[in-house]
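Undergrad: Could you have a look at this structure, given as structure tokens, before my questions?
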Amino acid sequence: MAEVSLDGVEKTYPNGFKAIHGIDVAIADGELVVLVGPSGCGKSTLLRMVAGLESVTGGEIRIGGRVVNDLEPGERDIAMVFQNYALYPHMSVYRNMAYGLKNRGLAREDIETRVREAARILELEPLLERRPNQLSGGQRQRVAMGRAIVRNPKVFLFDEPLSNLDAKLRVHMRVEIKRLQQSLGTTSIYVTHDQIEAMTLADRLAVINEGRVEQLGTPIELYEHPATTFVAGFIGSPAMNFLEARIADDGTAVELPGGDRLPLAGNGFAGEGGRRITLGIRPEHLEDAATATPTCHLAVDLVEQLGADTLVHGHFGDDRSELTARLRGIRTLPRGETLRLAVAAEHLHLFDRENGRRLDGA
Amino acid sequence: MVERRPWLTAFSHLSVLVCIALLALPIYITFVASTTTMDEIIHPPLPLIPGDRLIENYLEALTRGVTQASSTPVALMMWNSLVMAVVIAVGKIAISLLSAYAIVYFRFPFRMLCFWTIFVTLMLPVEVRILPTYKVVADLGLLNSYAGLTVPLIASATATFLFRQFFLTVPDELIEAARIDGAGPWKFFKDILLPLSLTNIAALFVILFIYGWNQYLWPLLVTTEAEMTTVVIGINQMIAPGEDQTNWPVVMATTMLAMLPPVFVVVVMQRLFIKGLIETEK
């Protein structure tokens with residue numbers, strides 16, 4: 001068991017392209033940290049640097065206190081699960097799992113015990129003699145997991161392990177991975193572009209954008225207090241609405257396009273009257289307004305019925321600032337109707353319009 | 001496309017049968033000729049039913065050869081051919097696998113230059129470089145030896161190129177998984193790449209064995225002693241020049257014998273080849 005720490009880790013490719021710009025992350029023993037971000041943001045590169053598959057051009061990576069920058073992947077005491085499983089096609093399931101142990105020079109009986117144990121945990125016992133091409137996607141995924149756990153490594157690395165599975169199996173395997181990781185208590189780094197996977201699996205979540213950590217925290221911290229518009233837009237589904245708004249002259253409310261006012265909690269923005277900001281509102285935080293509460297008026301454009309919820313797409317005022325609201329239950333709303341919606345003050349997210357950083361008031 | 005047209009089916013079957021007959025008839029006549037006596041062959045009509053001298057003719061060929069031309073027994077010639085074909089096939093496969101492995105998986109200086117150097121030799125068949133090659137082999141004192149027969153034919157651009165193309169299709173994740181499993185370059189080659197290449201190796205072996213077995217020009221130049229003659233050359237030498245009478249039944253028996261090893265290799269390796277295709281995937 002071990003903690004992993006990244007200190008100012010950088011990656012510059014020989015052609016001069018800088019993929020990772022100095023990342024600092026400390027991962028505690030037994031913690032599962034998810035790296036999430038859009039494709040091409042550098043999350044996989046970072047994971048592969050921890051694995052030793054990509055060289056580190058700056059900073060230090062430590063696993064269990066030992067600097068591993070220049071160690072071969074096989075010497076780092078890690079195990080990795082690949083997106084396309086990367087099982088050896090000519091070997092049986094048993095030999096796939098045993099191969100790493102054999103290379104380490106373990107005795108035949110020890111290998112047998114460990115593989116049987118892993119197979120029991122993952123319910124692979126009846127499949128041990130099969131070849132990978134005789135297995136279903138979910139079974140292959142489990143073999144790849146098995147190959148990782150038999151080695152009893154210090155760190156598990158997952159590189160989008162569920163992306164090749166169908167939606168139903170993905171949910172199932174997600175739960176299995178979480179359960180397995182908790183019962184084994186192995187430090188893990190998990191890369192995904194799927195924010196739901198990230199939210200559900202992570203102890204802590206690092207949102208990565210263009211080779212930098214945009215924000216690091218628990219899933220709920222990121223959901224409730226996104227540090228930037230990027231994080232705010234990435235975490236949560238459907239995505240957060242962003243509106244161009246301004247703080248009212250007295251600093252106690254936000255003025256929406258179209259003239260509606262939403263009051264702010266406290267008076268932290270007293271000195272910021274008239275400042276133009278980006279206002280973020282999550283669709284699920286918009287509620288039907290009782291007559292007395294301050295409201296905004298949404299012109300309905302389109303309604304999507306999901307059964308449990310109804311997604312209402314509409315716009316404000318004349319400049320057609322678009323917004324999506326997620327309302328409870330089944331609602332039928334004709335196009336063009338005006339909907340009165342309210343948002344609790346604590347659910348308003350204010351961001352600087354220039355640099356996208358969160359504004360928390362004075 | 002499945003269509004039911006009886007006359008079309010009949011026609012295609014008929015044409016297949018005709019083609020088989022065209023291919024098989026000469027071989028059959030050779031076989032018949034190898035089982036008869038000299039007299040029966042030279043006096044028309046050519047017999048179409050096998051004669052009774054099967055065992056005698058083949059034994060004579062294997063043990064004594066055609067006495068009046070060269071007295072090398074065919075068994076020895078076949079052995080020479082076999083050694084040549086196997087060494088060429090195995091040698092080519094071994095060298096090509098290793099050079100393709102180096103070119104695909106290692107970043108060394110002048111890597112692409114090496115590849116193109118090998119690739120360019122594709123344009124120079126044995127016949128073109130035969131004189132300089134002969135000079136080198138002669139200077140090294142390798143005339144009339146197995147080494148002289150085989151080594152110059154081993155270096156092969158074709159096979160290197162084929163393995164290179166195959167290695168390029170092996171997903172990178174397999175190498176990465178192997179590295180994480182603690183396999184170094186040699187282990188990866190031995191445990192992963194080699195087993196995955198089995199089908200290719202089997203197919204290449206078939207082609208290269210026949211290539212080696214049928215070599216004519218090179219053995220003709222390099223071997224002058226009767227003990228080093230290969231069977232393909234031996235057949236030619238058996239045909240008596242000028243007025244001398246050729247012992248046709250024995251020559252035909254030799255021809256049949258010379259055909260057996262390639263046929264055997266094709267039949268045996270084809271099974272392996274198909275087995276490999278079914279059981280592995282990339």
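To be explicit about the labels: the chains of the structure tokens are called A, B, and onward in the order shown, and within each one the residues are counted from 1, while ligands get numbers from 1 in the order they are shown.
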Using only C-alpha atoms, which chain B residues lie at most 12 Å away from chain A, written as a PyMOL selection string?

TA: chain B and resi 170-188+191-199+276-282

Undergrad: Could you check how far CA of Arg174 in chain A sits from CA of His193 in chain A, in Å to one decimal?

TA: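 Taking CA of Arg174 in chain A as the start and CA of His193 in chain A as the end point, the length is 13.9 Å.
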
Undergrad: Kindly give the distance, in Å, that separates CA of Phe161 in chain B and CA of Gln215 in chain B, rounded to a single decimal.

TA: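 Taking CA of Phe161 in chain B as the start and CA of Gln215 in chain B as the end point, the length is 21.8 Å.
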
Undergrad: Using only C-alpha atoms, which of A:Ile189, A:Leu341, A:Leu311, A:Leu201 sits nearest Asp260 in chain A?

TA: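 For Asp260 in chain A, the nearest of the given residues is A:Leu341.
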
Undergrad: Just the residues within 10 Å of Thr12 in chain A, please, counting only C-alpha atoms, with nothing from its chain fewer than 6 positions along; format it as a VMD selection string.

TA: chain A and resid 18 to 21 55 to 58

Undergrad: Residues of range 59-267 of chain A in helix (DSSP H, G or I) according to DSSP, as a ChimeraX atom specification?

TA: /A:73-75,93-103,108-121,125-127,132-134,137-149,167-184,195-201,219-224,229-234

Undergrad: For Tyr216 in chain B, list every protein, DNA or RNA residue within 9 Å, evaluated using only C-alpha atoms, and leave out those in the same chain fewer than 6 positions away; present the list as number ranges by chain.

TA: B: 230, 232-233

Undergrad: Take the residues from that selection and put them in a file with C-alpha atoms, as an mmCIF file, in the first residue's frame.

TA:
```
data_model
loop_
_atom_site.group_PDB
_atom_site.id
_atom_site.type_symbol
_atom_site.label_atom_id
_atom_site.label_comp_id
_atom_site.auth_asym_id
_atom_site.auth_seq_id
_atom_site.Cartn_x
_atom_site.Cartn_y
_atom_site.Cartn_z
ATOM 1 C CA THR B 230 20.742 -31.275 -55.119
ATOM 2 C CA VAL B 232 16.674 -30.489 -58.914
ATOM 3 C CA ILE B 233 20.116 -30.336 -60.515
#
```

Undergrad: Give me the residues near Gly329 in chain A as a list in words, where near means some atom within 9 Å (using only C-alpha atoms) and where sequence neighbours in that chain fewer than 2 positions away do not count.

TA: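 Close residues of Gly329 in chain A: Gln305, Leu306, Gly307, Ala308, Asp309, Thr310, Leu327 and Arg331 of chain A.
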
Undergrad: Just to be explicit: take each residue in the selection above, keep C-alpha atoms, and write the result as a tab-separated table (two decimals), in the first residue's frame.

TA:
```
chain	number	residue	atom	x	y	z
A	305	GLN	CA	-39.89	14.15	-21.09
A	306	LEU	CA	-37.62	11.74	-19.19
A	307	GLY	CA	-40.34	10.23	-17.01
A	308	ALA	CA	-38.87	11.03	-13.62
A	309	ASP	CA	-37.91	14.51	-14.77
A	310	THR	CA	-38.80	16.96	-17.48
A	327	LEU	CA	-38.24	19.93	-13.26
A	331	ARG	CA	-44.90	18.23	-17.13
```

Undergrad: Go ahead and compute the interatomic distance for CA of Ala239 in chain A and CA of Val36 in chain A, in Å to one decimal.

TA: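 Atom-to-atom, CA of Ala239 in chain A to CA of Val36 in chain A, that is 15.2 Å.
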
Undergrad: Residues at most 7 Å from Thr295 in chain A, counting only C-alpha atoms, excluding those fewer than 3 positions away in the same chain, as a JSON list (two decimals) with C-alpha atoms, in the first residue's frame?

TA:
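Writing done, so here's out.json:
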```json
[["chain", "number", "residue", "atom", "x", "y", "z"],
["A", 262, "LEU", "CA", -32.37, 37.02, -8.52],
["A", 289, "ALA", "CA", -41.84, 29.55, -8.30],
["A", 340, "ARG", "CA", -41.94, 31.30, -13.66],
["A", 341, "LEU", "CA", -38.85, 29.79, -12.05],
["A", 342, "ALA", "CA", -37.00, 30.41, -8.81]]
```

Undergrad: DSSP on the backbone, then: every residue of range 65-307 of chain A marked strand (DSSP E or B), written as a PyMOL selection string.

TA: chain A and resi 66-67+78-81+155-159+187-192+204-209+212-217+228+241-247+253-255+261-263+276-281+287-288+296-305
